[in-house]
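Below: input.txt (compact mmCIF, C-alpha atoms)
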```txt
# COMPACT_ATOMS: atom_id res chain seq x y z
CA MET A 1 0.00 0.00 0.00
CA ILE A 2 2.64 2.49 1.00
CA LEU A 3 4.84 1.39 -1.87
CA ILE A 4 2.05 2.11 -4.32
CA ALA A 5 1.65 5.58 -2.80
CA ILE A 6 5.40 6.21 -3.12
CA VAL A 7 5.56 5.00 -6.73
CA ILE A 8 2.52 7.00 -7.79
CA GLY A 9 3.90 10.03 -5.97
CA CYS A 10 7.30 9.64 -7.68
CA ILE A 11 5.83 9.29 -11.17
CA LEU A 12 3.42 12.18 -10.65
CA GLY A 13 6.23 14.32 -9.27
CA ALA A 14 8.50 13.48 -12.18
CA VAL A 15 5.81 14.38 -14.69
CA ILE A 16 5.07 17.66 -12.92
CA GLY A 17 8.78 18.43 -12.68
CA ILE A 18 9.35 17.81 -16.38
CA TYR A 19 6.46 19.99 -17.44
CA ALA A 20 7.04 22.69 -14.81
CA PRO A 21 8.67 25.91 -15.99
CA MET A 22 12.43 26.14 -15.79
CA VAL A 23 13.90 27.62 -12.65
CA PRO A 24 16.27 30.51 -13.28
CA TYR A 25 19.89 29.53 -12.86
CA THR A 26 20.31 31.99 -10.00
CA TYR A 27 17.76 30.11 -7.87
CA SER A 28 18.79 26.58 -8.81
CA GLY A 29 21.37 26.62 -6.02
CA TYR A 30 18.62 27.09 -3.45
CA LEU A 31 16.59 24.34 -5.04
CA ALA A 32 19.54 21.96 -4.95
CA ILE A 33 20.09 22.50 -1.25
CA ALA A 34 16.36 22.04 -0.63
CA ILE A 35 16.46 18.75 -2.50
CA ILE A 36 19.40 17.57 -0.41
CA ALA A 37 17.50 18.49 2.78
CA ALA A 38 14.37 16.72 1.55
CA LEU A 39 16.32 13.60 0.62
CA ASP A 40 17.89 13.63 4.06
CA SER A 41 14.42 13.76 5.58
CA VAL A 42 13.25 10.88 3.40
CA PHE A 43 16.15 8.67 4.37
CA GLY A 44 15.63 9.65 7.99
CA GLY A 45 12.00 8.67 7.65
CA ILE A 46 12.87 5.29 6.17
CA ALA A 47 15.39 4.66 8.91
CA ALA A 48 12.79 5.65 11.53
CA THR A 49 10.23 3.35 9.94
CA LEU A 50 12.64 0.49 10.13
CA ASN A 51 13.33 1.29 13.78
CA LYS A 52 9.58 1.44 14.29
CA ASN A 53 9.62 4.94 15.72
CA PHE A 54 8.40 6.73 12.58
CA ASP A 55 6.31 9.80 13.30
CA LEU A 56 4.46 11.35 10.39
CA LYS A 57 4.41 14.82 11.98
CA ILE A 58 8.13 14.80 12.56
CA PHE A 59 8.71 13.51 9.06
CA VAL A 60 6.54 16.12 7.30
CA THR A 61 7.74 19.05 9.39
CA GLY A 62 11.33 17.84 8.96
CA PHE A 63 10.85 17.42 5.25
CA PHE A 64 9.54 20.94 4.61
CA GLY A 65 11.23 22.63 7.56
CA ASN A 66 14.69 21.42 6.66
CA ALA A 67 14.22 22.34 3.04
CA ILE A 68 13.03 25.86 3.84
CA LEU A 69 15.65 26.33 6.54
CA SER A 70 18.44 25.22 4.23
CA ILE A 71 17.20 27.64 1.57
CA LEU A 72 17.12 30.47 4.09
CA LEU A 73 20.59 29.59 5.34
CA THR A 74 21.93 29.52 1.80
CA TYR A 75 20.36 32.87 1.14
CA LEU A 76 21.87 34.24 4.34
CA GLY A 77 25.24 32.77 3.36
CA GLN A 78 25.07 34.48 0.03
CA LYS A 79 24.24 37.79 1.70
CA LEU A 80 27.12 37.33 4.14
CA ASN A 81 29.41 36.07 1.39
CA VAL A 82 29.95 32.85 3.39
CA ASP A 83 29.26 29.50 1.75
CA ILE A 84 26.84 28.27 4.39
CA TYR A 85 25.30 25.85 1.93
CA LEU A 86 28.51 23.83 2.17
CA ALA A 87 27.85 23.29 5.88
CA ALA A 88 24.27 22.33 5.11
CA ILE A 89 25.41 19.84 2.50
CA VAL A 90 27.97 18.35 4.88
CA VAL A 91 25.36 17.94 7.58
CA PHE A 92 22.61 16.59 5.34
CA VAL A 93 24.81 14.25 3.35
CA GLY A 94 26.51 13.04 6.51
CA ARG A 95 23.10 12.31 8.02
CA MET A 96 22.04 10.63 4.82
CA PHE A 97 24.99 8.27 5.05
CA ASN A 98 24.14 7.57 8.69
CA ASN A 99 20.56 6.76 7.77
CA LEU A 100 21.67 4.63 4.85
CA ALA A 101 23.95 2.74 7.22
CA ILE A 102 21.03 2.16 9.57
CA ILE A 103 18.89 0.92 6.70
CA ARG A 104 21.68 -1.31 5.43
CA ARG A 105 22.28 -2.80 8.85
CA TYR A 106 18.60 -3.36 9.37
CA TYR A 107 18.25 -5.32 6.21
CA LEU A 108 21.48 -7.15 6.79
CA ASN A 109 20.23 -8.12 10.22
CA LYS A 110 16.83 -8.93 8.87
CA TRP A 111 18.04 -11.11 6.08
CA THR A 112 20.57 -13.09 7.99
CA PRO A 113 18.19 -14.15 10.81
CA ASN A 114 15.43 -14.65 8.32
CA LYS A 115 17.50 -17.23 6.60
CA LYS A 116 18.03 -18.94 9.93
CA GLU A 117 14.33 -18.76 10.66
CA ASP A 118 13.55 -20.11 7.27
CA ASN A 119 15.97 -22.88 7.87
CA GLU A 120 14.38 -23.51 11.22
CA ASN A 121 10.96 -23.46 9.65
CA SER A 122 11.95 -25.83 6.96
CA ALA A 123 13.60 -27.96 9.55
CA LYS A 124 10.36 -27.94 11.54
CA ILE A 125 8.42 -28.86 8.45
CA GLN A 126 10.88 -31.51 7.71
CA LYS A 127 10.48 -32.75 11.17
CA MET B 1 -9.37 -1.01 13.20
CA LYS B 2 -11.14 1.58 11.07
CA LYS B 3 -9.21 4.37 12.65
CA GLU B 4 -5.96 2.61 11.93
CA LYS B 5 -6.90 2.18 8.32
CA LYS B 6 -7.86 5.85 8.08
CA ASN B 7 -4.54 6.80 9.59
CA GLU B 8 -2.76 4.56 7.16
CA ILE B 9 -4.55 6.15 4.23
CA ILE B 10 -3.69 9.61 5.49
CA MET B 11 -0.09 8.57 5.94
CA ASN B 12 0.05 7.12 2.45
CA VAL B 13 -1.43 10.26 0.99
CA ILE B 14 1.00 12.46 2.85
CA ILE B 15 3.98 10.34 1.89
CA GLY B 16 2.74 10.31 -1.69
CA ALA B 17 2.43 14.09 -1.60
CA VAL B 18 5.92 14.35 -0.18
CA CYS B 19 7.21 12.16 -2.98
CA VAL B 20 5.40 14.32 -5.52
CA VAL B 21 6.99 17.46 -4.13
CA LEU B 22 10.45 15.90 -3.90
CA PHE B 23 10.44 14.48 -7.41
CA ALA B 24 8.88 17.55 -8.93
CA VAL B 25 11.58 19.73 -7.42
CA MET B 26 14.28 17.24 -8.35
CA PHE B 27 13.23 17.02 -11.97
CA MET B 28 12.89 20.75 -12.19
CA GLN B 29 16.41 21.02 -10.92
CA PHE B 30 17.64 18.37 -13.36
CA LYS B 31 16.07 20.23 -16.20
CA THR B 32 17.51 23.52 -15.08
CA ILE B 33 21.00 22.09 -14.70
CA GLU B 34 20.77 20.34 -18.04
CA GLU B 35 19.73 23.51 -19.79
CA THR B 36 22.30 25.56 -17.99
CA ASP B 37 25.13 23.14 -18.70
CA ILE B 38 24.91 23.99 -22.38
CA THR B 39 25.52 27.61 -21.58
CA ALA B 40 27.97 26.95 -18.78
CA ILE B 41 30.79 28.65 -20.62
CA GLU B 42 28.70 31.76 -21.02
CA ASN B 43 27.88 31.71 -17.33
CA MET B 44 31.55 31.49 -16.53
CA ARG B 45 32.13 34.54 -18.62
CA GLU B 46 29.13 36.37 -17.21
CA THR B 47 31.19 39.11 -15.66
CA GLU B 48 33.10 39.55 -18.86
CA LEU B 49 29.91 39.75 -20.86
CA ARG B 50 28.46 42.24 -18.44
CA THR B 51 31.48 44.43 -18.87
CA ALA B 52 31.15 44.10 -22.61
CA ILE B 53 27.48 45.03 -22.44
CA ALA B 54 28.26 48.06 -20.33
CA GLU B 55 30.93 49.03 -22.81
CA TRP B 56 28.63 48.63 -25.76
CA LYS B 57 25.94 50.58 -23.99
CA GLY B 58 28.39 53.39 -23.45
CA LYS B 59 29.41 53.25 -27.09
CA TYR B 60 25.80 53.18 -28.17
CA GLU B 61 25.03 56.23 -26.07
CA GLU B 62 28.03 57.98 -27.50
CA ALA B 63 26.96 57.12 -31.00
CA GLU B 64 23.47 58.33 -30.27
CA GLU B 65 24.83 61.60 -28.96
CA GLN B 66 26.90 61.96 -32.09
CA LEU B 67 23.86 61.24 -34.20
CA GLU B 68 21.88 63.85 -32.34
CA GLU B 69 24.66 66.37 -32.82
CA ASN B 70 24.90 65.56 -36.50
CA ARG B 71 21.18 65.93 -36.85
CA LYS B 72 21.36 69.32 -35.20
CA SER B 73 24.12 70.47 -37.49
CA ILE B 74 22.21 69.17 -40.49
CA ILE B 75 19.23 71.23 -39.41
CA GLU B 76 21.55 74.20 -38.99
CA TYR B 77 23.01 73.67 -42.43
CA GLU B 78 19.56 73.40 -43.90
CA GLN B 79 18.65 76.64 -42.20
CA THR B 80 21.74 78.26 -43.60
CA ILE B 81 21.00 76.92 -47.04
CA GLU B 82 17.51 78.32 -46.80
CA ASP B 83 18.89 81.67 -45.67
CA ASN B 84 21.42 81.58 -48.46
CA GLY B 85 18.64 80.77 -50.86
CA GLU B 86 16.74 83.80 -49.64
CA ALA B 87 19.85 85.93 -49.89
CA SER B 88 20.64 84.70 -53.38
CA GLU B 89 17.05 85.32 -54.36
CA LEU B 90 17.41 88.87 -53.13
CA VAL B 91 20.71 89.21 -54.94
CA ASP B 92 19.12 87.76 -58.03
CA LYS B 93 16.30 90.25 -57.83
CA ASP B 94 18.78 93.08 -57.35
CA LEU B 95 20.83 91.85 -60.23
CA LYS B 96 17.82 91.66 -62.49
CA GLU B 97 16.80 95.14 -61.52
CA ALA B 98 20.31 96.42 -62.10
CA ASP B 99 20.39 94.66 -65.45
CA MET B 100 17.18 96.35 -66.46
CA LYS B 101 18.36 99.73 -65.25
CA LEU B 102 21.73 99.41 -66.95
CA GLY B 103 20.17 98.18 -70.14
CA ARG B 104 21.76 94.79 -70.19
CA THR B 105 18.43 93.22 -71.12
CA ASP B 106 15.54 94.04 -73.38
CA ILE B 107 12.68 95.44 -71.42
CA TYR B 108 9.06 96.27 -72.01
CA GLY B 109 6.23 97.98 -70.21
CA GLU B 110 3.58 100.61 -70.50
CA GLY B 111 4.66 104.05 -71.55
CA ILE B 112 4.67 106.59 -74.33
CA GLU B 113 6.24 106.99 -77.71
CA VAL B 114 7.15 110.45 -78.94
CA THR B 115 8.00 110.90 -82.59
CA ILE B 116 9.81 114.06 -83.65
CA LYS B 117 10.48 114.84 -87.24
CA ASN B 118 12.50 117.47 -88.99
CA THR B 119 10.40 119.83 -91.00
CA ASP B 120 11.34 122.43 -93.44
CA ASP B 121 10.67 125.02 -90.81
CA TYR B 122 12.44 123.31 -87.97
CA GLN B 123 15.53 121.22 -87.65
CA VAL B 124 15.59 119.14 -84.50
CA ARG B 125 18.66 119.90 -82.40
CA ALA B 126 20.36 117.85 -79.75
CA ILE B 127 19.19 120.29 -77.13
CA ASP B 128 15.59 119.48 -78.01
CA LEU B 129 16.21 115.83 -77.40
CA ILE B 130 18.03 116.52 -74.12
CA ASP B 131 15.13 118.68 -73.07
CA LEU B 132 12.69 115.96 -73.88
CA VAL B 133 14.71 113.32 -72.05
CA ASN B 134 14.91 115.54 -68.98
CA GLU B 135 11.19 116.18 -69.07
CA LEU B 136 10.51 112.48 -69.34
CA ARG B 137 12.83 111.76 -66.45
CA TYR B 138 11.05 114.40 -64.43
CA ALA B 139 7.74 112.72 -65.25
CA GLY B 140 9.03 109.48 -63.83
CA ALA B 141 10.22 107.56 -66.85
CA GLU B 142 12.05 104.40 -65.86
CA ALA B 143 13.71 103.75 -69.18
CA ILE B 144 14.18 105.92 -72.23
CA SER B 145 15.49 105.24 -75.69
CA ILE B 146 15.98 107.38 -78.75
CA ASN B 147 15.79 105.50 -82.01
CA ASP B 148 16.38 102.29 -80.02
CA VAL B 149 19.48 103.64 -78.34
CA ARG B 150 19.08 103.47 -74.62
CA ILE B 151 19.63 106.54 -72.54
CA PHE B 152 21.43 106.22 -69.22
CA SER B 153 22.88 108.63 -66.75
CA THR B 154 26.13 108.36 -68.69
CA SER B 155 24.50 108.82 -72.08
CA TYR B 156 25.14 111.90 -74.09
CA ILE B 157 23.26 113.60 -76.88
CA VAL B 158 25.41 115.88 -78.95
CA GLN B 159 25.33 117.62 -82.24
CA PRO B 160 28.91 118.34 -83.26
CA THR B 161 27.82 119.64 -86.61
CA ASP B 162 24.54 120.41 -88.18
CA GLY B 163 22.73 117.36 -89.41
CA LEU B 164 24.76 114.97 -87.23
CA THR B 165 23.19 113.90 -83.98
CA LEU B 166 25.02 111.42 -81.83
CA VAL B 167 23.47 109.53 -78.98
CA SER B 168 25.94 107.42 -77.06
CA ASP B 169 28.32 106.99 -79.99
CA GLN B 170 25.49 106.22 -82.40
CA ARG B 171 24.32 108.45 -85.11
CA ILE B 172 20.63 109.07 -85.31
CA THR B 173 18.55 110.89 -87.81
CA SER B 174 15.05 112.16 -88.17
CA PRO B 175 12.48 110.89 -87.45
CA PHE B 176 13.47 110.59 -83.82
CA VAL B 177 11.42 108.07 -81.95
CA ILE B 178 11.71 108.51 -78.21
CA LYS B 179 10.33 105.67 -76.17
CA ALA B 180 9.78 105.96 -72.44
CA ILE B 181 8.56 103.33 -70.04
CA GLY B 182 6.69 104.67 -67.05
CA ASN B 183 3.27 105.76 -65.92
CA GLN B 184 1.43 106.61 -69.15
CA THR B 185 -0.70 109.27 -67.54
CA TYR B 186 2.15 111.09 -65.83
CA LEU B 187 4.36 110.96 -68.89
CA SER B 188 1.78 112.07 -71.41
CA SER B 189 0.17 114.73 -69.26
CA SER B 190 3.46 116.29 -68.27
CA LEU B 191 4.44 116.58 -71.92
CA SER B 192 0.99 117.75 -73.01
CA LEU B 193 0.61 120.62 -70.57
CA LYS B 194 -1.21 123.34 -72.36
CA ASP B 195 1.12 126.07 -73.72
CA SER B 196 3.92 125.40 -71.23
CA GLY B 197 4.20 121.69 -72.02
CA TYR B 198 6.98 120.32 -74.22
CA ILE B 199 4.69 119.52 -77.10
CA ASP B 200 2.89 122.84 -77.21
CA ARG B 201 6.10 124.77 -76.74
CA ASN B 202 7.85 123.04 -79.62
CA LYS B 203 4.82 122.85 -81.86
CA ALA B 204 4.71 126.58 -81.58
CA ARG B 205 8.25 126.64 -82.87
CA GLY B 206 7.28 124.51 -85.85
CA MET B 207 8.39 121.06 -84.72
CA ASP B 208 6.52 118.04 -85.98
CA ILE B 209 5.87 116.16 -82.78
CA ASP B 210 3.57 113.28 -82.14
CA LEU B 211 2.74 111.55 -78.86
CA GLU B 212 1.34 108.10 -78.52
CA THR B 213 0.56 106.17 -75.35
CA LYS B 214 1.13 102.45 -75.54
CA ASN B 215 0.38 99.60 -73.16
CA SER B 216 3.48 97.72 -74.16
CA ILE B 217 6.63 99.43 -75.28
CA GLN B 218 9.74 97.47 -76.06
CA ILE B 219 13.10 99.02 -75.30
CA LEU B 220 16.10 97.13 -76.59
CA LYS B 221 19.18 96.46 -74.55
CA ASN B 222 22.26 98.59 -74.71
CA THR B 223 24.67 97.64 -77.44
CA SER B 224 27.44 100.17 -77.01
CA ASN B 225 30.01 99.38 -74.40
CA ARG B 226 32.67 101.73 -73.16
CA GLU B 227 35.67 100.15 -71.59
CA VAL B 228 36.93 101.40 -68.27
CA LYS B 229 40.46 102.48 -68.91
CA TYR B 230 41.46 105.26 -66.59
CA MET B 231 39.40 105.04 -63.47
CA LYS B 232 40.52 102.85 -60.63
CA GLU B 233 38.91 101.75 -57.43
CA GLY B 234 39.95 103.27 -54.11
CA GLU B 235 41.29 106.56 -52.85
CA LYS B 236 44.10 108.51 -54.38
```
Let me see whether you can do it: turn the structure in this file into structure tokens.
Amino acid sequence: MILIAIVIGCILGAVIGIYAPMVPYTYSGYLAIAIIAALDSVFGGIAATLNKNFDLKIFVTGFFGNAILSILLTYLGQKLNVDIYLAAIVVFVGRMFNNLAIIRRYYLNKWTPNKKEDNENSAKIQK
Amino acid sequence: MKKEKKNEIIMNVIIGAVCVVLFAVMFMQFKTIEETDITAIENMRETELRTAIAEWKGKYEEAEEQLEENRKSIIEYEQTIEDNGEASELVDKDLKEADMKLGRTDIYGEGIEVTIKNTDDYQVRAIDLIDLVNELRYAGAEAISINDVRIFSTSYIVQPTDGLTLVSDQRITSPFVIKAIGNQTYLSSSLSLKDSGYIDRNKARGMDIDLETKNSIQILKNTSNREVKYMKEGEK
């Protein structure tokens, strides 16, 4: 069910993105940082789901809040002539790797015991 | 159970919406970057191009100023040409008038024609002609000729010997035809004054004199030409 929602959402988003008007080059930097923030939120959400402590409110507010905050910080950085977006990228990408590691470990853990369980099950059946 | 399902649906919808937003923004960004990559070189040279634009703008403004100036001067020149045209017209008019006065051209106009003939009783003398010319001038004649010889301020009428009358180097004989262009009424009436007028006076002396007013009298241009030999321009 949730997979269907994600797939439909992705396809719909892609179609809208392709047919949406082009963003001026000046603002594409902000958009990029927002995308990184959003992706970080998504991976965080997945990791939370796997840990069974996923909260929709936290996810949605994190998704939009991080994106907007990163845009604002980038804007501020440009005004101050400091590349704040670099810090944002470091933080978001670092977190993304953390979350990916969590996801990887979860599945690694899941698959290895599963095999044992399966073996046990089959053994039970065999018995 | 129902509540859980409702929550699940809401969650799915929200996650779907999040995915829509994320992918829409991502694809927009992809598109932007793709489009911009083609013109990346230009973007790198943006500052340079800006400088060039500013330069060209400056040049353009300069050129426009120049154009404006040129336009102004053209207008000035045109004005001058017009003025010159007016001046040359005036000069032309003056020249034409001078030509007419100096007898460089044939002229015509209303006036009178006086014919004087020698008779047995009376031989016309130069003094008679001079008298007549003076009277005509007094009456406002603009141009006078005797036997088609134009009379100017420098003209002379002499009679060195009897029977030889010279007008401006040309010999004339009776009948003398004196043409005068001017106001017909003034000319004829001043000559025809009773008793004291030129005609009456000379008729009394036996001269054969005839006056005719004409609406169009032709006076030919001057043919004799005296060279200037001795006089020079300037002070002594």
May I have the protein, DNA and RNA residues with any atom at most 10 Å from the point (25.2, 22.7, 1.0), counting all atoms listed in the file, written as a ChimeraX atom specification? /A:29-30,32-34,36-37,70-71,73-74,83-93
Restrict the selected residues to C-alpha atoms and save them as a CSV table (one decimal), in the frame of the given file.
```
chain,number,residue,atom,x,y,z
A,29,GLY,CA,21.4,26.6,-6.0
A,30,TYR,CA,18.6,27.1,-3.4
A,32,ALA,CA,19.5,22.0,-5.0
A,33,ILE,CA,20.1,22.5,-1.2
A,34,ALA,CA,16.4,22.0,-0.6
A,36,ILE,CA,19.4,17.6,-0.4
A,37,ALA,CA,17.5,18.5,2.8
A,70,SER,CA,18.4,25.2,4.2
A,71,ILE,CA,17.2,27.6,1.6
A,73,LEU,CA,20.6,29.6,5.3
A,74,THR,CA,21.9,29.5,1.8
A,83,ASP,CA,29.3,29.5,1.8
A,84,ILE,CA,26.8,28.3,4.4
A,85,TYR,CA,25.3,25.8,1.9
A,86,LEU,CA,28.5,23.8,2.2
A,87,ALA,CA,27.8,23.3,5.9
A,88,ALA,CA,24.3,22.3,5.1
A,89,ILE,CA,25.4,19.8,2.5
A,90,VAL,CA,28.0,18.4,4.9
A,91,VAL,CA,25.4,17.9,7.6
A,92,PHE,CA,22.6,16.6,5.3
A,93,VAL,CA,24.8,14.2,3.4
```
Per residue of chain A within 9 Å of chain B, note the shortest atom pair and the distance in Å to one decimal, counting all atoms listed in the file, and order the rows by chain and increasing residue number, as a tab-separated table.
```
residue	atom	partner	partner_atom	distance
A:Met1	CA	B:Asn12	CA	7.5
A:Ile2	CA	B:Asn12	CA	5.5
A:Leu3	CA	B:Asn12	CA	8.6
A:Ile4	CA	B:Gly16	CA	8.6
A:Ala5	CA	B:Gly16	CA	5.0
A:Ile6	CA	B:Gly16	CA	5.1
A:Val7	CA	B:Gly16	CA	7.8
A:Ile8	CA	B:Gly16	CA	6.9
A:Gly9	CA	B:Gly16	CA	4.4
A:Cys10	CA	B:Cys19	CA	5.3
A:Ile11	CA	B:Val20	CA	7.6
A:Leu12	CA	B:Val20	CA	5.9
A:Gly13	CA	B:Val20	CA	3.8
A:Ala14	CA	B:Ala24	CA	5.2
A:Val15	CA	B:Ala24	CA	7.3
A:Ile16	CA	B:Ala24	CA	5.5
A:Gly17	CA	B:Ala24	CA	3.9
A:Ile18	CA	B:Phe27	CA	5.9
A:Tyr19	CA	B:Met28	CA	8.3
A:Ala20	CA	B:Met28	CA	6.7
A:Pro21	CA	B:Met28	CA	7.7
A:Met22	CA	B:Thr32	CA	5.8
A:Val23	CA	B:Thr32	CA	6.0
A:Pro24	CA	B:Thr32	CA	7.3
A:Tyr25	CA	B:Thr32	CA	6.8
A:Ser28	CA	B:Gln29	CA	6.4
A:Gly29	CA	B:Gln29	CA	8.9
A:Leu31	CA	B:Gln29	CA	6.8
A:Ala32	CA	B:Gln29	CA	6.8
A:Ala34	CA	B:Val25	CA	8.6
A:Ile35	CA	B:Met26	CA	6.4
A:Ala38	CA	B:Leu22	CA	6.8
A:Leu39	CA	B:Leu22	CA	7.8
A:Val42	CA	B:Val18	CA	8.9
A:Leu56	CA	B:Met11	CA	6.9
A:Val60	CA	B:Val18	CA	7.7
A:Phe63	CA	B:Val18	CA	8.0
A:Phe64	CA	B:Val18	CA	8.9
```
In Å, with one decimal, what is the gap from CA of Ile199 in chain B to CA of Thr161 in chain B?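 The value is 25.0 Å.
Across the structure, CA of Ser41 in chain A and CA of Leu100 in chain A are spaced 11.7 Å apart.
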Distance of CA of Ala139 in chain B from CA of Ser189 in chain B, expressed in Å to one decimal place: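 If I compute the distance from CA of Ser189 in chain B to CA of Ala139 in chain B, I get 8.8 Å.
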Compare A:Leu76, A:Gly45, A:Arg104, A:Trp111 by their minimum atom-to-atom distance to Phe59 in chain A, counting all atoms listed in the file, and give me the closest one.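 Counting all atoms listed in the file, the residue closest to Phe59 in chain A is A:Gly45.
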Range 167-169 of chain B: which residues within 6 Å, counting all atoms listed in the file, same-chain residues fewer than 6 positions away excluded, as an NGL selection string? :B and (155-157)
With distances taken over all atoms listed in the file, which residue among B:Gly234, B:Gly58, B:Gly85, B:Gly103 lies nearest Ile151 in chain B? B:Gly103
Closest of B:Lys203, B:Lys117, B:Arg171, B:Arg104 to Asn222 in chain B - atom-to-atom distances counting only C-alpha atoms: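 When distances to Asn222 in chain B are compared using only C-alpha atoms, the smallest one comes from B:Arg104.
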4 Å per side around range 28-38 of chain A: axis-aligned box centre and edge lengths, as AutoDock Vina command-line options:
```
--center_x 17.9 --center_y 21.9 --center_z -3.0 --size_x 15.0 --size_y 18.4 --size_z 19.6
```
Shell of 12 Å around Arg137 in chain B, only C-alpha atoms, local chain residues under 4 positions omitted, as a PyMOL selection string: chain B and resi 130-133+141-145+151-153+179-183+186-187+190-191
For a quick check of understanding, using all atoms listed in the file, which of A:Val82, A:Ala101, A:Phe43, A:Tyr27 has the smallest distance to Gly62 in chain A? A:Phe43
